[in-house]
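Undergrad: My questions will all concern the structure given below.
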Amino acid sequence: MNVLLAGATGTLGSVLVRQLLDAGHSVLGITRSEAGARRVAQAGGVPVVADVMDRESLLTALDGVRAHAVVHQATAINGLPLFHRALYATDALRDRGTAHLVEAAGVVGARRFVTQSFFLGYGYRDHGDDLVTEDRPFAEPGQGAFDPHMRSMRANEEQVFAAPGIDGISLRYGMFYGPEPSTRKLMDMTRKRLLPVPDPAGTVSLIHIEDAASAAVSALERGTPGRPYNIADDRPVRFDVYVRALARAAGAPVPWAVPGGLLRAMPYMHALMVGTRIRISSERAKRELGWTPRYPSYREGLATC
């Protein structure tokens with residue numbers, strides 16, 4: 001397929017360009033800058049210079065372009081968010097950015113659309129010990145400061161699934177890690193003893209960046225229209241355990257242990273590291289997409305960082 005990829009120079013997009021090309025597809029990579037265009041071209045893709053948030057710019061840049069599919073991997077997250085405001089730009093990409101890309105799919109003649117979603121669309125709370133499957137609905141309004149994030153994640157999927165003439169598929173990724181900027185920043189924080197071990201600690205589901213990209217390729221080729229897929233490794237992990245593992249991988253000192261309540265000054269970080277306990281199941285993706293994570297847990301995956 002000829003694939004129009006939004007976020008082609010981002011953390012996941014840059015890995016996905018390589019994997020799509022290796023799988024025999026061609027890539028039209030959307031990037032906002034000439035420097036990004038050079039990176040897309042060097043990777044073997046065809047650059048499209050446009051801003052996903054600027055509808056006119058995007059549609060003008062795509063005039064005369066044809067593609068079989070659109071893959072939306074654009075975010076504005078850089079490292080572990082500490083405050084809610086750090087997610088507002090990504091909220092906009094999930095809402096208005098998705099609307100622009102759905103319209104762009106019609107312009108380029110695409111009939112397939114794979115979008116990036118997030119496992120915490122199920123809600124920042126304690127989900128208990130049961131595995132969370134795609135049958136559980138995303139969180140409804142009433143989450144306070146989390147409402148803008150919840151609305152954007154629902155809007156992203158709803159637009160893609162409801163678009164006429166589009167086979168929409170959503171990938172609900174776990175938290176990214178691997179040889180990529182955000183993990184390196186976290187490891188650097190452990191070296192400086194700036195990333196504490198919270199007590200109590202929440203539980204998260206992780207996904208190595210290479211496995212996230214391979215899931216996107218599998219969804220593009222074999223995903224069922226109208227279906228969301230959880231994409232995470234096989235070993236959910238408590239955040240205190242993960243921080244210690246990051247420190248060991250970085251050759252850093254043993255992290256400080258702090259009462260979880262001290263992180264309330266950084267509301268989003270507190271919600272993620274302390275207040276949320278969620279274990280997601282990726283069995284649907286394994287069964288329907290034929291996808292299996294190369295790195296079944298952070299223990300194997302951190303060795304690549």
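Letters A, B, ... mark the chains of the structure tokens in the order given; residue numbers begin at 1 per chain; ligand numbers begin at 1, in order shown.
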Could you produce a table of the residues of segment 167-238 of chain A lying within 8 Å of segment 63-79 of chain A, with the nearest pair of atoms per residue and their separation in Å rounded to one decimal, using only C-alpha atoms, ordered by chain and increasing residue number, as CSV?
TA:
```
residue,atom,partner,partner_atom,distance
A:Pro181,CA,A:Gly79,CA,7.0
A:Ser182,CA,A:Gly79,CA,4.0
A:Thr183,CA,A:Gly79,CA,7.2
A:Lys185,CA,A:Gly79,CA,6.5
A:Leu186,CA,A:Gly79,CA,7.4
A:Leu220,CA,A:Ala69,CA,7.9
```
Undergrad: Residues near His208 of chain A, anyone? I mean within 6 Å using only C-alpha atoms, not counting same-chain ones fewer than 2 positions away, as a list in words.
TA: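 The filter keeps Phe176, Tyr177, Gly178, Glu210 and Asp211 of chain A.
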Undergrad: Please provide as a tab-separated table (two decimals) with N, CA and C atoms, in the first residue's frame all residues within 7 Å of Arg32 of chain A, with the sequence filter that same-chain residues fewer than 2 positions apart are discarded (counting only C-alpha atoms).
TA:
```tsv
chain	number	residue	atom	x	y	z
A	30	ILE	N	4.21	12.82	6.55
A	30	ILE	CA	3.87	14.21	6.86
A	30	ILE	C	4.79	14.73	7.94
A	36	GLY	N	12.65	17.92	8.92
A	36	GLY	CA	11.91	16.67	8.99
A	36	GLY	C	11.75	16.02	7.64
A	49	VAL	N	5.38	18.19	3.41
A	49	VAL	CA	5.56	19.24	4.42
A	49	VAL	C	4.23	19.93	4.67
A	50	ALA	N	3.68	19.71	5.86
A	50	ALA	CA	2.38	20.29	6.23
A	50	ALA	C	2.20	20.15	7.73
A	51	ASP	N	1.34	21.00	8.28
A	51	ASP	CA	0.98	20.95	9.69
A	51	ASP	C	-0.40	20.31	9.80
```
Undergrad: Among segment 120-293 of chain A, which ones does DSSP place in strand (DSSP E), written as a list of chain:residue names?
TA: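 Across segment 120-293 of chain A, those assigned strand (DSSP E) are A:Asp167, A:Gly168, A:Ile169, A:Ser170, A:Leu171, A:Arg172, A:Tyr173, A:Met175, A:Phe176, A:Tyr177, A:Val197, A:Pro198, A:Asp199, A:Thr203, A:Val204, A:Leu206, A:Ile207, A:His208, A:Arg227, A:Pro228, A:Tyr229, A:Asn230, A:Ile231, A:Val237, A:Arg238, A:Ala257, A:Val258, A:Pro259.
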Undergrad: Tell me, in Å to one decimal, how far atom CA of Arg248 of chain A is from atom CA of Tyr268 of chain A.
TA: 24.9 Å
Undergrad: Let me make sure I understand: among A:Leu194, A:Ala92, A:Ile278, A:Ile207, which one has the smallest atom-to-atom distance to Ser152 of chain A if we use only C-alpha atoms?
TA: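 Looking only at the distances to Ser152 of chain A, the closest residue turns out to be A:Ala92.
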Undergrad: Can you list, as a compact mmCIF listing (two decimals) with all heavy atoms, in the first residue's frame, every protein, DNA or RNA residue that comes within 9 Å of Asn230 of chain A when you count only C-alpha atoms, leaving out same-chain residues fewer than 3 positions away?
TA:
```txt
# COMPACT_ATOMS: atom_id res chain seq x y z
N PHE A 118 -4.69 5.39 23.27
CA PHE A 118 -3.88 5.23 24.48
C PHE A 118 -4.67 4.43 25.50
O PHE A 118 -5.88 4.61 25.66
CB PHE A 118 -3.54 6.62 25.02
CG PHE A 118 -2.48 6.65 26.09
CD1 PHE A 118 -1.31 5.93 25.96
CD2 PHE A 118 -2.64 7.44 27.21
CE1 PHE A 118 -0.33 5.97 26.94
CE2 PHE A 118 -1.67 7.51 28.20
CZ PHE A 118 -0.50 6.77 28.06
N PHE A 119 -3.97 3.55 26.20
CA PHE A 119 -4.63 2.65 27.14
C PHE A 119 -5.30 3.38 28.30
O PHE A 119 -6.26 2.87 28.90
CB PHE A 119 -3.64 1.62 27.67
CG PHE A 119 -2.64 2.11 28.69
CD1 PHE A 119 -2.59 1.52 29.94
CD2 PHE A 119 -1.74 3.13 28.40
CE1 PHE A 119 -1.66 1.93 30.89
CE2 PHE A 119 -0.82 3.55 29.33
CZ PHE A 119 -0.78 2.95 30.60
N VAL A 132 -7.93 -5.74 31.50
CA VAL A 132 -8.87 -4.85 30.82
C VAL A 132 -8.83 -5.16 29.32
O VAL A 132 -7.78 -5.08 28.69
CB VAL A 132 -8.53 -3.37 31.08
CG1 VAL A 132 -9.43 -2.45 30.26
CG2 VAL A 132 -8.65 -3.04 32.56
N THR A 133 -9.98 -5.51 28.78
CA THR A 133 -10.09 -5.80 27.35
C THR A 133 -10.78 -4.65 26.63
O THR A 133 -11.30 -3.73 27.26
CB THR A 133 -10.87 -7.10 27.10
OG1 THR A 133 -12.26 -6.86 27.38
CG2 THR A 133 -10.36 -8.24 27.98
N GLU A 134 -10.84 -4.75 25.32
CA GLU A 134 -11.46 -3.72 24.51
C GLU A 134 -12.98 -3.64 24.70
O GLU A 134 -13.61 -2.69 24.25
CB GLU A 134 -11.15 -3.96 23.02
CG GLU A 134 -9.69 -3.89 22.66
CD GLU A 134 -8.94 -5.19 22.84
OE1 GLU A 134 -9.50 -6.13 23.47
OE2 GLU A 134 -7.80 -5.31 22.37
N SER A 170 -8.32 1.42 15.52
CA SER A 170 -7.63 2.17 16.57
C SER A 170 -6.71 1.25 17.36
O SER A 170 -7.08 0.12 17.70
CB SER A 170 -8.66 2.81 17.52
OG SER A 170 -8.00 3.45 18.59
N LEU A 171 -5.52 1.77 17.67
CA LEU A 171 -4.54 1.03 18.48
C LEU A 171 -4.40 1.73 19.82
O LEU A 171 -3.92 2.87 19.89
CB LEU A 171 -3.19 0.98 17.76
CG LEU A 171 -3.21 0.32 16.38
CD1 LEU A 171 -1.82 0.35 15.76
CD2 LEU A 171 -3.73 -1.10 16.46
N ARG A 172 -4.84 1.05 20.87
CA ARG A 172 -4.77 1.59 22.22
C ARG A 172 -3.46 1.16 22.86
O ARG A 172 -3.38 0.14 23.55
CB ARG A 172 -5.99 1.13 23.03
CG ARG A 172 -7.30 1.64 22.46
CD ARG A 172 -8.51 1.02 23.16
NE ARG A 172 -9.75 1.63 22.67
CZ ARG A 172 -10.97 1.23 23.03
NH1 ARG A 172 -11.12 0.21 23.86
NH2 ARG A 172 -12.04 1.84 22.55
N TYR A 173 -2.42 1.96 22.62
CA TYR A 173 -1.07 1.61 23.06
C TYR A 173 -0.91 1.73 24.57
O TYR A 173 -1.47 2.62 25.22
CB TYR A 173 -0.06 2.54 22.42
CG TYR A 173 0.14 2.37 20.93
CD1 TYR A 173 -0.18 3.40 20.05
CD2 TYR A 173 0.66 1.20 20.41
CE1 TYR A 173 0.02 3.26 18.69
CE2 TYR A 173 0.87 1.06 19.05
CZ TYR A 173 0.55 2.08 18.19
OH TYR A 173 0.74 1.94 16.84
N GLY A 174 -0.07 0.84 25.12
CA GLY A 174 0.44 1.04 26.46
C GLY A 174 1.47 2.16 26.45
O GLY A 174 1.66 2.85 25.45
N ILE A 280 -3.72 -4.25 30.94
CA ILE A 280 -4.52 -4.45 29.74
C ILE A 280 -4.14 -5.74 29.02
O ILE A 280 -3.00 -6.19 29.06
CB ILE A 280 -4.47 -3.24 28.78
CG1 ILE A 280 -3.09 -3.05 28.17
CG2 ILE A 280 -4.92 -1.98 29.47
CD1 ILE A 280 -3.07 -1.99 27.09
N SER A 281 -5.15 -6.31 28.39
CA SER A 281 -4.96 -7.55 27.63
C SER A 281 -4.81 -7.22 26.15
O SER A 281 -5.59 -6.45 25.59
CB SER A 281 -6.18 -8.46 27.82
OG SER A 281 -6.17 -9.51 26.87
N SER A 282 -3.82 -7.83 25.51
CA SER A 282 -3.60 -7.66 24.07
C SER A 282 -3.97 -8.92 23.29
O SER A 282 -3.52 -9.12 22.16
CB SER A 282 -2.13 -7.30 23.79
OG SER A 282 -1.78 -6.11 24.43
N GLU A 283 -4.80 -9.77 23.89
CA GLU A 283 -5.14 -11.04 23.25
C GLU A 283 -5.87 -10.84 21.93
O GLU A 283 -5.69 -11.62 20.99
CB GLU A 283 -5.96 -11.91 24.20
CG GLU A 283 -5.14 -12.48 25.35
CD GLU A 283 -3.92 -13.23 24.87
OE1 GLU A 283 -4.06 -14.11 23.99
OE2 GLU A 283 -2.81 -12.92 25.35
N ARG A 284 -6.72 -9.81 21.83
CA ARG A 284 -7.42 -9.58 20.56
C ARG A 284 -6.41 -9.30 19.45
O ARG A 284 -6.54 -9.83 18.33
CB ARG A 284 -8.40 -8.42 20.68
CG ARG A 284 -9.05 -8.05 19.35
CD ARG A 284 -9.94 -6.83 19.43
NE ARG A 284 -11.20 -7.12 20.11
CZ ARG A 284 -12.16 -6.21 20.31
NH1 ARG A 284 -11.98 -4.96 19.89
NH2 ARG A 284 -13.27 -6.54 20.93
N ALA A 285 -5.41 -8.46 19.72
CA ALA A 285 -4.41 -8.13 18.70
C ALA A 285 -3.62 -9.37 18.30
O ALA A 285 -3.32 -9.59 17.12
CB ALA A 285 -3.48 -7.04 19.21
```
Undergrad: Which one of A:Phe161, A:Trp256, A:Tyr242, A:Phe138 sits closest to Leu302 of chain A if you count only C-alpha atoms?
TA: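 Nearest candidate to Leu302 of chain A out of A:Phe161, A:Trp256, A:Tyr242, A:Phe138: A:Tyr242.
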